[in-house]
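J.: Following this line is run.cif, made up of mmCIF, C-alpha atoms:
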data_input
loop_
_atom_site.label_atom_id
_atom_site.label_comp_id
_atom_site.auth_asym_id
_atom_site.auth_seq_id
_atom_site.Cartn_x
_atom_site.Cartn_y
_atom_site.Cartn_z
CA MET R 23 9.16 16.31 -21.15
CA LYS R 24 9.71 20.07 -21.32
CA THR R 25 8.28 22.39 -18.68
CA PRO R 26 5.84 25.15 -19.76
CA ASN R 27 8.63 27.72 -19.53
CA GLU R 28 10.88 25.63 -21.73
CA VAL R 29 8.09 25.18 -24.29
CA GLU R 30 7.42 28.91 -24.40
CA SER R 31 11.08 29.55 -25.26
CA THR R 32 11.09 27.29 -28.34
CA ARG R 33 10.93 28.52 -31.96
CA ILE R 34 7.96 26.31 -32.77
CA TYR R 35 5.99 27.90 -29.94
CA ALA R 36 6.68 31.36 -31.36
CA LYS R 37 5.53 30.19 -34.79
CA PHE R 38 2.42 28.68 -33.21
CA GLN R 39 1.57 32.03 -31.64
CA LYS R 40 1.97 33.78 -34.99
CA ALA R 41 -0.33 31.21 -36.60
CA LEU R 42 -2.99 31.83 -33.97
CA GLU R 43 -2.77 35.59 -34.49
CA ARG R 44 -3.30 35.12 -38.23
CA LEU R 45 -6.16 32.69 -37.63
CA TYR R 46 -8.17 35.07 -35.46
CA THR R 47 -7.33 38.07 -37.65
CA SER R 48 -8.69 36.12 -40.64
CA LEU R 49 -11.84 35.20 -38.70
CA THR R 50 -12.42 38.86 -37.86
CA LYS R 51 -12.00 39.92 -41.50
CA VAL R 52 -14.33 37.16 -42.70
CA LEU R 53 -17.12 38.12 -40.27
CA LYS R 54 -16.86 41.78 -41.25
CA SER R 55 -16.77 41.07 -44.97
CA GLY R 56 -19.63 40.74 -47.41
CA ILE R 57 -18.88 37.16 -48.45
CA GLN R 58 -21.61 34.51 -48.42
CA ILE R 59 -22.91 33.31 -45.04
CA ARG R 60 -22.04 29.74 -46.01
CA ASP R 61 -18.35 30.70 -46.20
CA LYS R 62 -18.48 32.62 -42.92
CA ILE R 63 -19.98 29.59 -41.19
CA ALA R 64 -17.29 27.30 -42.63
CA THR R 65 -14.62 29.55 -41.08
CA LEU R 66 -16.46 29.66 -37.75
CA LYS R 67 -16.73 25.88 -37.64
CA SER R 68 -13.02 25.48 -38.34
CA VAL R 69 -12.12 27.71 -35.41
CA GLN R 70 -14.77 26.10 -33.22
CA GLY R 71 -13.24 22.70 -33.96
CA ILE R 72 -9.90 23.92 -32.60
CA LEU R 73 -11.49 25.32 -29.43
CA MET R 74 -13.57 22.17 -28.85
CA LYS R 75 -10.53 19.92 -28.38
CA ASP R 76 -8.87 19.34 -25.03
CA TYR R 77 -5.11 19.99 -25.03
CA GLU R 78 -2.44 20.38 -22.40
CA PRO R 79 -3.20 23.31 -20.05
CA LEU R 80 -0.61 25.54 -21.70
CA LEU R 81 -2.10 25.01 -25.17
CA ASN R 82 -5.67 25.50 -23.91
CA LYS R 83 -4.56 28.82 -22.47
CA VAL R 84 -2.62 30.13 -25.45
CA ILE R 85 -5.26 29.11 -28.00
CA ARG R 86 -7.78 31.30 -26.17
CA GLY R 87 -5.35 34.02 -25.15
CA HIS R 88 -4.68 35.14 -28.73
CA ILE R 89 -8.28 36.08 -29.51
CA GLU R 90 -8.17 39.88 -29.70
CA GLU R 91 -10.88 42.31 -28.65
CA ASP R 92 -11.65 43.15 -32.27
CA CYS R 93 -12.46 39.50 -32.96
CA PHE R 94 -14.77 39.28 -29.95
CA ASN R 95 -16.49 42.48 -31.02
CA SER R 96 -17.12 41.18 -34.53
CA ILE R 97 -18.68 38.00 -33.09
CA HIS R 98 -20.74 40.04 -30.64
CA ASP R 99 -22.06 42.22 -33.48
CA VAL R 100 -23.37 39.10 -35.24
CA ILE R 101 -25.11 37.51 -32.26
CA ARG R 102 -26.81 40.77 -31.25
CA GLN R 103 -28.38 41.35 -34.65
CA ASP R 104 -32.15 40.99 -34.86
CA VAL R 105 -32.99 37.90 -36.91
CA SER R 106 -36.43 37.60 -38.47
CA ASN R 107 -38.55 34.70 -37.27
CA ASP R 108 -40.01 34.26 -40.76
CA GLU R 109 -36.86 32.57 -42.03
CA GLU R 110 -37.88 29.20 -40.62
CA ASP R 111 -40.95 29.18 -42.86
CA ASN R 112 -39.03 30.11 -45.98
CA TYR R 113 -36.29 27.47 -45.89
CA TYR R 114 -36.01 23.71 -45.66
CA ASP R 115 -34.41 22.48 -42.44
CA GLU R 116 -31.10 21.67 -44.14
CA ASP R 117 -30.86 25.24 -45.52
CA ILE R 118 -31.71 27.23 -42.39
CA GLU R 119 -28.15 26.93 -41.13
CA PHE R 120 -26.91 29.13 -43.97
CA THR R 121 -29.11 32.10 -43.04
CA PRO R 122 -28.46 34.99 -40.61
CA MET R 123 -30.01 32.80 -37.90
CA GLY R 124 -27.53 30.02 -38.64
CA LEU R 125 -24.65 32.51 -38.61
CA LYS R 126 -25.76 33.84 -35.24
CA LEU R 127 -26.00 30.35 -33.70
CA ASN R 128 -22.61 29.30 -35.06
CA CYS R 129 -21.04 32.40 -33.50
CA ILE R 130 -22.66 31.47 -30.18
CA HIS R 131 -21.38 27.90 -30.45
CA LEU R 132 -17.84 29.18 -31.07
CA LEU R 133 -18.06 31.25 -27.89
CA ALA R 134 -19.41 28.21 -26.03
CA ALA R 135 -16.37 26.22 -27.21
CA TYR R 136 -14.16 29.04 -25.89
CA CYS R 137 -15.79 28.58 -22.46
CA ARG R 138 -14.87 24.89 -22.26
CA HIS R 139 -11.69 25.97 -20.46
CA ARG R 140 -11.24 28.87 -18.11
CA SER R 141 -9.68 31.95 -19.64
CA GLU R 142 -9.64 35.70 -19.16
CA PHE R 143 -13.12 36.37 -20.51
CA THR R 144 -14.87 33.08 -19.74
CA GLY R 145 -17.21 34.55 -17.10
CA ASP R 146 -18.38 37.47 -19.24
CA ILE R 147 -18.84 35.30 -22.32
CA MET R 148 -20.86 32.70 -20.44
CA LYS R 149 -23.10 35.42 -19.08
CA CYS R 150 -23.61 36.69 -22.63
CA ILE R 151 -24.39 33.40 -24.39
CA LEU R 152 -26.61 32.12 -21.57
CA ASP R 153 -28.71 35.29 -21.50
CA PRO R 154 -32.32 34.21 -22.30
CA ASP R 155 -32.87 37.52 -24.09
CA LEU R 156 -30.33 36.44 -26.70
CA TYR R 157 -32.69 33.75 -28.01
CA ASN R 158 -36.10 33.82 -29.63
CA PHE R 159 -38.00 31.06 -27.84
CA SER R 160 -40.75 31.02 -30.44
CA SER R 161 -38.20 29.62 -32.92
CA SER R 162 -37.54 25.90 -32.71
CA TRP R 163 -34.20 26.42 -34.45
CA GLU R 164 -33.04 28.93 -31.85
CA ILE R 165 -34.23 26.61 -29.07
CA GLU R 166 -32.14 23.79 -30.51
CA GLY R 167 -29.23 26.18 -30.94
CA ALA R 168 -29.45 27.33 -27.33
CA LEU R 169 -29.51 23.74 -26.10
CA LYS R 170 -26.48 22.86 -28.24
CA CYS R 171 -24.67 25.83 -26.71
CA MET R 172 -25.35 24.46 -23.24
CA GLN R 173 -24.31 20.98 -24.30
CA ILE R 174 -20.96 22.26 -25.60
CA ILE R 175 -20.26 24.01 -22.31
CA ASN R 176 -21.33 21.07 -20.17
CA GLU R 177 -19.17 18.51 -21.99
CA VAL R 178 -16.20 19.91 -20.10
CA ASN R 179 -14.49 17.50 -17.77
CA MET R 180 -14.95 19.21 -14.43
CA GLU R 181 -13.08 18.34 -11.25
CA HIS R 182 -15.57 17.19 -8.68
CA SER R 183 -15.01 17.44 -4.97
CA SER R 184 -14.38 14.04 -3.44
CA ILE R 185 -16.95 13.68 -0.63
CA GLU R 186 -17.56 10.55 1.32
CA LYS R 187 -20.96 8.83 1.36
CA TYR R 188 -22.98 8.61 4.56
CA LYS R 189 -25.86 6.56 5.87
CA ILE R 190 -29.03 8.65 5.82
CA GLU R 191 -32.27 7.73 7.53
CA THR R 192 -35.40 8.70 5.60
CA GLY R 193 -37.21 11.08 7.93
CA ARG R 194 -40.70 12.24 7.05
CA THR R 195 -41.16 15.50 8.94
CA LYS R 196 -39.49 18.76 7.99
CA GLU R 197 -37.52 18.72 11.22
CA SER R 198 -36.22 15.21 10.65
CA ARG R 199 -35.33 15.97 7.03
CA VAL R 200 -33.30 19.00 8.03
CA ALA R 201 -31.72 17.02 10.88
CA GLU R 202 -30.60 14.26 8.50
CA ALA R 203 -29.26 16.78 6.01
CA SER R 204 -27.45 18.58 8.81
CA LYS R 205 -25.96 15.31 9.99
CA MET R 206 -24.58 14.59 6.51
CA SER R 207 -23.24 18.12 6.21
CA GLN R 208 -21.62 18.07 9.65
CA SER R 209 -20.02 14.73 8.81
CA THR R 210 -18.58 16.30 5.69
CA ARG R 211 -17.39 19.30 7.65
CA SER R 212 -15.56 17.10 10.14
CA ILE R 213 -13.26 15.74 7.42
CA LEU R 214 -12.56 19.06 5.73
CA THR R 215 -10.60 22.11 6.84
CA ASN R 216 -12.50 25.33 7.41
CA ASP R 217 -11.18 26.79 4.15
CA LYS R 218 -12.28 23.77 2.13
CA TRP R 219 -15.67 23.81 3.85
CA SER R 220 -16.21 27.44 2.90
CA ASN R 221 -15.21 26.71 -0.68
CA LEU R 222 -17.91 24.06 -0.96
CA PHE R 223 -20.55 26.75 -0.76
CA VAL R 224 -18.72 29.40 -2.74
CA GLU R 225 -16.67 27.85 -5.51
CA ASN R 226 -17.99 24.28 -5.53
CA LEU R 227 -21.67 24.75 -4.84
CA GLY R 228 -22.52 23.29 -8.25
CA ASP R 229 -20.57 20.10 -7.58
CA LEU R 230 -22.15 19.71 -4.16
CA LEU R 231 -25.65 20.23 -5.52
CA LEU R 232 -25.01 17.70 -8.30
CA LEU R 233 -23.71 15.18 -5.78
CA THR R 234 -26.79 15.48 -3.59
CA ALA R 235 -29.16 15.31 -6.59
CA GLU R 236 -27.44 12.23 -8.03
CA ASN R 237 -27.96 10.33 -4.79
CA VAL R 238 -31.76 10.68 -4.77
CA CYS R 239 -33.23 7.18 -5.04
CA ASP R 240 -36.82 6.99 -3.81
CA HIS R 241 -38.40 3.62 -4.63
CA VAL R 242 -41.66 4.37 -2.86
CA ASP R 243 -42.39 7.73 -4.48
CA ALA R 244 -41.24 6.50 -7.90
CA SER R 245 -43.56 3.48 -7.65
CA GLN R 246 -46.50 5.72 -6.79
CA LEU R 247 -45.76 8.20 -9.61
CA PHE R 248 -45.24 5.71 -12.43
CA GLY R 249 -47.42 2.83 -11.27
CA PHE R 250 -44.63 0.23 -11.34
CA GLN R 251 -43.86 -1.84 -8.26
CA LEU R 252 -40.19 -1.43 -7.40
CA MET R 253 -38.29 -3.45 -4.84
CA ASN R 254 -37.34 -1.07 -2.03
CA LYS R 255 -33.61 -1.63 -1.67
CA THR R 256 -31.92 0.48 0.98
CA ASP R 257 -28.25 1.37 0.91
CA SER R 258 -25.92 3.59 2.86
CA TYR R 259 -25.51 6.49 0.47
CA THR R 260 -28.79 7.17 -1.34
CA TYR R 261 -31.84 8.84 0.15
CA SER R 262 -35.44 9.75 -0.50
CA LYS R 263 -37.12 12.77 -2.05
CA GLN R 264 -37.90 14.03 1.46
CA VAL R 265 -34.27 13.93 2.58
CA PHE R 266 -33.21 15.75 -0.58
CA SER R 267 -35.71 18.48 0.31
CA GLY R 268 -34.12 18.66 3.73
CA ILE R 269 -30.65 19.02 2.25
CA LEU R 270 -31.82 21.95 0.11
CA GLU R 271 -33.42 23.55 3.16
CA TYR R 272 -30.18 23.16 5.06
CA PHE R 273 -28.21 24.72 2.21
CA GLY R 274 -30.69 27.58 2.35
CA GLU R 275 -30.01 28.11 6.04
CA LEU R 276 -26.31 28.49 5.26
CA ILE R 277 -27.01 31.41 2.91
CA ASP R 278 -30.00 32.81 4.81
CA GLY R 279 -32.37 32.18 1.92
CA CYS R 280 -33.68 29.61 -0.55
CA ILE R 281 -30.78 27.93 -2.33
CA MET R 282 -32.75 27.28 -5.55
CA GLN R 283 -33.98 30.88 -5.75
CA TYR R 284 -30.42 32.08 -5.18
CA LEU R 285 -29.14 29.91 -8.03
CA CYS R 286 -31.95 30.99 -10.39
CA GLU R 287 -31.03 34.60 -9.77
CA ASN R 288 -27.25 34.34 -9.67
CA GLN R 289 -26.00 31.03 -11.09
CA PRO R 290 -28.57 29.46 -13.43
CA LEU R 291 -25.75 27.63 -15.22
CA VAL R 292 -25.26 25.55 -12.06
CA LEU R 293 -28.86 24.35 -12.29
CA LEU R 294 -28.54 23.72 -16.00
CA ASN R 295 -25.41 21.65 -15.45
CA VAL R 296 -27.20 19.49 -12.89
CA LEU R 297 -30.10 18.97 -15.31
CA PHE R 298 -27.69 17.89 -18.03
CA LYS R 299 -25.90 15.40 -15.80
CA LEU R 300 -29.12 13.94 -14.36
CA TRP R 301 -30.64 13.58 -17.83
CA ASN R 302 -27.48 11.91 -19.12
CA LYS R 303 -27.83 9.37 -16.34
CA VAL R 304 -31.38 8.61 -17.54
CA LEU R 305 -30.11 8.05 -21.08
CA THR R 306 -27.25 5.78 -20.07
CA GLU R 307 -29.27 3.44 -17.82
CA LYS R 308 -30.09 0.22 -19.69
CA ILE R 309 -32.06 -1.59 -16.99
CA PHE R 310 -35.66 -0.31 -16.86
CA ALA R 311 -35.92 -0.13 -13.05
CA HIS R 312 -32.68 1.88 -12.88
CA LYS R 313 -33.82 4.17 -15.71
CA LEU R 314 -37.12 4.74 -13.92
CA LEU R 315 -35.37 5.71 -10.67
CA ALA R 316 -32.92 7.99 -12.51
CA PHE R 317 -35.80 9.68 -14.31
CA HIS R 318 -37.65 10.09 -11.03
CA ALA R 319 -34.60 11.83 -9.54
CA TYR R 320 -34.58 14.13 -12.60
CA LEU R 321 -38.22 15.06 -12.01
CA VAL R 322 -37.60 15.62 -8.30
CA PHE R 323 -34.89 18.13 -9.13
CA ILE R 324 -37.11 19.91 -11.68
CA GLU R 325 -39.83 20.24 -9.03
CA LYS R 326 -37.42 22.27 -6.92
CA ILE R 327 -36.72 24.89 -9.62
CA PRO R 328 -38.94 27.90 -8.89
CA PHE R 329 -40.77 29.98 -11.49
CA GLY R 330 -40.67 33.73 -11.98
CA TYR R 331 -37.00 34.16 -13.00
CA PRO R 332 -35.34 34.93 -16.35
CA SER R 333 -33.76 31.46 -16.22
CA ASP R 334 -37.21 29.83 -16.58
CA ALA R 335 -37.06 29.92 -20.37
CA ILE R 336 -33.83 27.95 -20.59
CA LEU R 337 -34.26 25.55 -17.65
CA TYR R 338 -37.85 24.49 -18.31
CA THR R 339 -37.39 24.44 -22.08
CA PHE R 340 -34.47 22.05 -21.61
CA ALA R 341 -36.56 19.89 -19.28
CA CYS R 342 -39.36 19.78 -21.85
CA VAL R 343 -37.14 19.12 -24.87
CA SER R 344 -35.17 16.40 -23.07
CA MET R 345 -38.32 14.50 -22.08
CA CYS R 346 -39.86 14.95 -25.53
CA ASN R 347 -36.73 13.55 -27.11
CA GLY R 348 -36.78 10.66 -24.63
CA LEU R 349 -40.39 9.95 -25.56
CA LYS R 350 -39.64 10.24 -29.27
CA GLU R 351 -36.88 7.62 -29.03
CA ALA R 352 -38.81 5.29 -26.69
CA LYS R 353 -39.44 1.86 -28.20
CA THR R 354 -41.35 0.02 -25.45
CA ASN R 355 -44.69 0.71 -23.79
CA ASP R 356 -43.02 0.97 -20.37
CA ASP R 357 -40.51 3.58 -21.57
CA VAL R 358 -43.28 5.52 -23.30
CA LYS R 359 -45.39 5.47 -20.13
CA ILE R 360 -42.75 6.92 -17.81
CA PHE R 361 -41.88 9.75 -20.20
CA VAL R 362 -45.56 10.53 -20.71
CA ASP R 363 -46.03 10.59 -16.92
CA GLY R 364 -43.04 12.92 -16.63
CA LEU R 365 -44.40 15.26 -19.31
CA GLN R 366 -47.80 15.19 -17.58
CA LYS R 367 -46.14 16.32 -14.38
CA LEU R 368 -44.21 19.04 -16.21
CA SER R 369 -47.31 20.23 -18.10
CA LYS R 370 -49.29 20.53 -14.88
CA ARG R 371 -46.46 22.39 -13.20
CA VAL R 372 -46.34 24.87 -16.08
CA THR R 373 -50.11 25.42 -16.14
CA ASP R 374 -50.29 25.72 -12.34
CA ASN R 375 -47.72 28.53 -12.58
CA TRP R 376 -49.05 29.92 -15.84
CA THR R 377 -48.82 33.62 -14.98
CA LEU R 378 -45.21 33.27 -13.79
CA CYS R 379 -43.94 31.44 -16.89
CA ASN R 380 -42.19 33.04 -19.83
CA GLU R 381 -44.98 33.72 -22.34
CA LYS R 382 -43.31 32.35 -25.45
CA SER R 383 -41.48 29.43 -23.91
CA LYS R 384 -44.54 27.94 -22.18
CA LYS R 385 -46.52 27.86 -25.42
CA LEU R 386 -43.56 26.47 -27.31
CA MET R 387 -43.23 23.73 -24.67
CA LEU R 388 -46.85 22.68 -25.00
CA SER R 389 -46.71 22.70 -28.79
CA LYS R 390 -43.55 20.56 -28.65
CA ILE R 391 -45.27 18.07 -26.35
CA ILE R 392 -48.36 17.90 -28.60
CA THR R 393 -46.22 17.24 -31.67
CA ILE R 394 -44.37 14.32 -30.03
CA LEU R 395 -47.55 12.85 -28.54
CA ASP R 396 -49.21 12.87 -31.94
CA LEU R 397 -46.18 11.11 -33.43
CA LYS R 398 -46.18 8.37 -30.79
CA ILE R 399 -49.95 7.87 -31.08
CA SER R 400 -49.50 7.36 -34.81
CA GLU R 401 -46.96 4.66 -33.91
CA GLY R 402 -49.60 2.87 -31.85
CA PHE R 403 -48.67 3.94 -28.30
CA ASN R 404 -52.04 4.55 -26.64
CA GLU R 405 -50.29 5.56 -23.42
CA CYS R 406 -50.10 9.06 -24.95
CA ASP R 407 -53.87 9.54 -25.30
CA GLY R 408 -54.47 10.80 -21.76
CA LEU R 409 -51.83 13.53 -21.85
CA LEU R 410 -52.88 14.69 -25.32
CA CYS R 411 -56.46 14.94 -24.08
CA TYR R 412 -55.30 16.87 -20.99
CA ILE R 413 -53.43 19.45 -23.06
CA THR R 414 -55.95 19.81 -25.88
CA GLU R 415 -59.00 19.90 -23.60
CA ASP R 416 -58.09 20.95 -20.05
CA VAL R 417 -55.29 23.36 -20.97
CA LYS R 418 -56.97 24.97 -23.97
CA GLN R 419 -58.71 27.47 -21.70
CA GLU R 420 -55.29 29.07 -21.26
CA PHE R 421 -55.38 29.79 -25.00
CA ALA R 422 -59.04 30.84 -25.03
CA GLU R 423 -58.19 34.28 -26.36
CA SER R 424 -56.81 32.74 -29.56
CA GLU R 425 -59.61 31.12 -31.59
CA ASP R 426 -57.20 29.64 -34.13
CA VAL R 427 -55.34 27.74 -31.42
CA VAL R 428 -58.53 26.49 -29.77
CA ASP R 429 -59.96 25.31 -33.10
CA TYR R 430 -56.76 23.52 -33.95
CA MET R 431 -56.71 21.83 -30.56
CA LYS R 432 -60.25 20.60 -31.15
CA VAL R 433 -59.15 19.00 -34.41
CA MET R 434 -56.25 17.35 -32.63
CA SER R 435 -58.41 15.99 -29.83
CA GLN R 436 -60.74 14.42 -32.40
CA GLY R 437 -57.98 12.26 -33.78
CA ARG R 438 -55.31 14.06 -35.74
CA SER R 439 -53.25 10.92 -35.98
CA THR R 440 -55.90 9.33 -38.19
CA MET R 441 -55.93 12.35 -40.51
CA TYR R 442 -52.28 12.94 -41.15
CA PRO R 443 -51.33 9.63 -42.79
CA MET R 444 -53.59 10.77 -45.66
CA MET R 445 -51.72 14.06 -46.05
CA SER R 446 -48.44 14.66 -47.78
CA LYS R 447 -45.37 15.25 -45.62
CA ILE R 448 -45.14 18.86 -46.82
CA LEU R 449 -48.78 19.62 -46.04
CA PHE R 450 -48.43 18.11 -42.58
CA ARG R 451 -45.32 20.17 -41.90
CA ASP R 452 -47.02 23.35 -43.10
CA LYS R 453 -50.03 22.78 -40.84
CA LEU R 454 -47.79 21.94 -37.91
CA LYS R 455 -45.78 25.13 -38.41
CA THR R 456 -48.98 27.15 -38.58
CA PHE R 457 -50.16 25.64 -35.33
CA THR R 458 -46.80 26.20 -33.61
CA SER R 459 -46.77 29.79 -34.83
CA ASN R 460 -50.29 30.33 -33.47
CA LEU R 461 -49.24 28.97 -30.11
CA SER R 462 -46.18 31.21 -29.98
CA ASN R 463 -48.10 34.33 -31.01
CA ALA R 464 -51.11 33.76 -28.75
CA ARG R 465 -51.47 36.50 -26.17
#
Show me the file's structure as structure tokens.

T.:
Amino acid sequence: MKTPNEVESTRIYAKFQKALERLYTSLTKVLKSGIQIRDKIATLKSVQGILMKDYEPLLNKVIRGHIEEDCFNSIHDVIRQDVSNDEEDNYYDEDIEFTPMGLKLNCIHLLAAYCRHRSEFTGDIMKCILDPDLYNFSSSWEIEGALKCMQIINEVNMEHSSIEKYKIETGRTKESRVAEASKMSQSTRSILTNDKWSNLFVENLGDLLLLTAENVCDHVDASQLFGFQLMNKTDSYTYSKQVFSGILEYFGELIDGCIMQYLCENQPLVLLNVLFKLWNKVLTEKIFAHKLLAFHAYLVFIEKIPFGYPSDAILYTFACVSMCNGLKEAKTNDDVKIFVDGLQKLSKRVTDNWTLCNEKSKKLMLSKIITILDLKISEGFNECDGLLCYITEDVKQEFAESEDVVDYMKVMSQGRSTMYPMMSKILFRDKLKTFTSNLSNAR
């Protein structure tokens, strides 16, 4: 095989570079032109498809290296345009993609594909496309678009630090939790050089946090939360919710602060990546007991994410949407129950921190939950009744200033699922959009 230097000296490599230059020049001209949005999106998707693939390191680098500043600027101009929220109401779902909103989201997804491999502008672009202000969280389409952006970025095969597993005793007091976490950390430090140890908390903090979160396995707390009796199997490398708290406290001592607050302020993508990986573990578990424990670990991590930061909108919206999708796809009463319990916990956490939450995203979250609960109730899953009652009765005081929302919640609590089978699909969708809009606009 040829070395990178030998490849770069070949004629075909020179032709490849010319082809890339023409490709990105054409993309720039297309975005600046007055052609139909449908055609602009087709071009964007073609380029995105190239950036999505994983090649040899040299090709990954050169494919990204030939995007000129003018091309980036033309993409930036599109994603920073104000897009009217009314478009969702004027188009069918399959047509929304070919509107200014769809063009904006496809530009964002192209930039997300660019970030799948490190390049000159990866850091700046990630900061741009993960800025909560870029998205309108009262729009379900923009929410889905933002989540797809994160999914594209997080599909990257990342190199994880190889860290041994250690036996951890489950201490109950704060002192014992920190002591156990310190013991694990000191054990790790003893097998690493000082430089590598420092890098764990600078360059590889995300990997270390993911590793510690993945090893949470608390049979006792999970049994109490979900009401299922789990056999308490102990092993040498997993630990309880309490020990995980101790590990986070120990990490905080190393930076003289709270590690989760630090990440919310400075590296929210790290937290988002952990959420993605933990949720993927929930989805891939086929045995119910294992799924339950994986979902419990997911909830434990969410509990540790503080409110009051710009990252709230993305992190908690993802948590809500993931659980709602899990509930929507659930086929058994047991699966329905654990996702309902998880959404109950999330709903209470949001309402307990109501004044700190992003105004639009919290109302969108609750409307999303209500929609899925109503769907599952119509399918005969009575496990959803309690949470629907909690949101439509106990939480409605948070919307007291909006009479339309309160009235609609009253209708829902009186048995919406018995009304809607009599309505046409279009009428149901119109009423649901009206309700969602009221929730989003409530002040």

J.: As an exercise, work out the distance from CA of Tyr46 in chain R to CA of Glu164 in chain R in Å and give it to one decimal place.

T.: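 Answer for the CA of Tyr46 in chain R to CA of Glu164 in chain R separation: 25.9 Å.
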
J.: If we count only C-alpha atoms, what is near Ser344 in chain R at a cut-off of 10 Å, once residues fewer than 2 positions away on the same chain are taken out, given as a short mmCIF file (atom, residue, chain, number, x, y, z; two decimals) with C-alpha atoms, in the frame of the given file?

T.:
data_model
loop_
_atom_site.label_atom_id
_atom_site.label_comp_id
_atom_site.auth_asym_id
_atom_site.auth_seq_id
_atom_site.Cartn_x
_atom_site.Cartn_y
_atom_site.Cartn_z
CA LEU R 169 -29.51 23.74 -26.10
CA LEU R 297 -30.10 18.97 -15.31
CA PHE R 298 -27.69 17.89 -18.03
CA TRP R 301 -30.64 13.58 -17.83
CA ASN R 302 -27.48 11.91 -19.12
CA LEU R 305 -30.11 8.05 -21.08
CA TYR R 338 -37.85 24.49 -18.31
CA THR R 339 -37.39 24.44 -22.08
CA PHE R 340 -34.47 22.05 -21.61
CA ALA R 341 -36.56 19.89 -19.28
CA CYS R 342 -39.36 19.78 -21.85
CA CYS R 346 -39.86 14.95 -25.53
CA ASN R 347 -36.73 13.55 -27.11
CA GLY R 348 -36.78 10.66 -24.63
CA LEU R 349 -40.39 9.95 -25.56
CA LYS R 350 -39.64 10.24 -29.27
CA PHE R 361 -41.88 9.75 -20.20
#

J.: List every protein, DNA or RNA residue that has at least one atom no more than 12 Å from (-30.2, 28.8, -9.8) in the file's coordinates, counting all atoms listed in the file, and write the result as number ranges by chain.

T.: R: 227-228, 231, 280-297, 323-324, 326-334, 336-337

J.: List the spatial neighbours of Ile151 in chain R as a ChimeraX atom specification - criterion: any atom at most 12 Å away, only C-alpha atoms, same-chain residues fewer than 6 positions off excluded.

T.: /R:97-98,101-102,126-137,144-145,157,167-172,174-175,291,336

J.: Go ahead and write the residues just picked, C-alpha atoms, as an mmCIF file, in the coordinates of the input.

T.:
data_model
loop_
_atom_site.group_PDB
_atom_site.id
_atom_site.type_symbol
_atom_site.label_atom_id
_atom_site.label_comp_id
_atom_site.auth_asym_id
_atom_site.auth_seq_id
_atom_site.Cartn_x
_atom_site.Cartn_y
_atom_site.Cartn_z
ATOM 1 C CA ILE R 97 -18.680 38.000 -33.090
ATOM 2 C CA HIS R 98 -20.740 40.040 -30.640
ATOM 3 C CA ILE R 101 -25.110 37.510 -32.260
ATOM 4 C CA ARG R 102 -26.810 40.770 -31.250
ATOM 5 C CA LYS R 126 -25.760 33.840 -35.240
ATOM 6 C CA LEU R 127 -26.000 30.350 -33.700
ATOM 7 C CA ASN R 128 -22.610 29.300 -35.060
ATOM 8 C CA CYS R 129 -21.040 32.400 -33.500
ATOM 9 C CA ILE R 130 -22.660 31.470 -30.180
ATOM 10 C CA HIS R 131 -21.380 27.900 -30.450
ATOM 11 C CA LEU R 132 -17.840 29.180 -31.070
ATOM 12 C CA LEU R 133 -18.060 31.250 -27.890
ATOM 13 C CA ALA R 134 -19.410 28.210 -26.030
ATOM 14 C CA ALA R 135 -16.370 26.220 -27.210
ATOM 15 C CA TYR R 136 -14.160 29.040 -25.890
ATOM 16 C CA CYS R 137 -15.790 28.580 -22.460
ATOM 17 C CA THR R 144 -14.870 33.080 -19.740
ATOM 18 C CA GLY R 145 -17.210 34.550 -17.100
ATOM 19 C CA TYR R 157 -32.690 33.750 -28.010
ATOM 20 C CA GLY R 167 -29.230 26.180 -30.940
ATOM 21 C CA ALA R 168 -29.450 27.330 -27.330
ATOM 22 C CA LEU R 169 -29.510 23.740 -26.100
ATOM 23 C CA LYS R 170 -26.480 22.860 -28.240
ATOM 24 C CA CYS R 171 -24.670 25.830 -26.710
ATOM 25 C CA MET R 172 -25.350 24.460 -23.240
ATOM 26 C CA ILE R 174 -20.960 22.260 -25.600
ATOM 27 C CA ILE R 175 -20.260 24.010 -22.310
ATOM 28 C CA LEU R 291 -25.750 27.630 -15.220
ATOM 29 C CA ILE R 336 -33.830 27.950 -20.590
#

J.: Using the chain letters and numbers from this file, what does the PyMOL selection byres ((chain R and resi 85-94) around 9) select? Give the answer as a list in words.

T.: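 For this structure, the PyMOL selection byres ((chain R and resi 85-94) around 9) resolves to Gln39, Leu42, Glu43, Tyr46, Thr47, Leu49, Thr50, Lys51, Leu53, Ile72, Leu73, Leu80, Leu81, Asn82, Lys83, Val84, Asn95, Ser96, Ile97, His98, Asp99, Leu133, Tyr136, His139, Ser141 and Glu142 of chain R.
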
J.: Once the PyMOL selection byres ((chain R and resi 406) around 12) has been evaluated on this model, what residues remain selected, and can you format them as a PyMOL selection string?

T.: chain R and resi 346+349-350+355-366+391-405+407-413+435+439
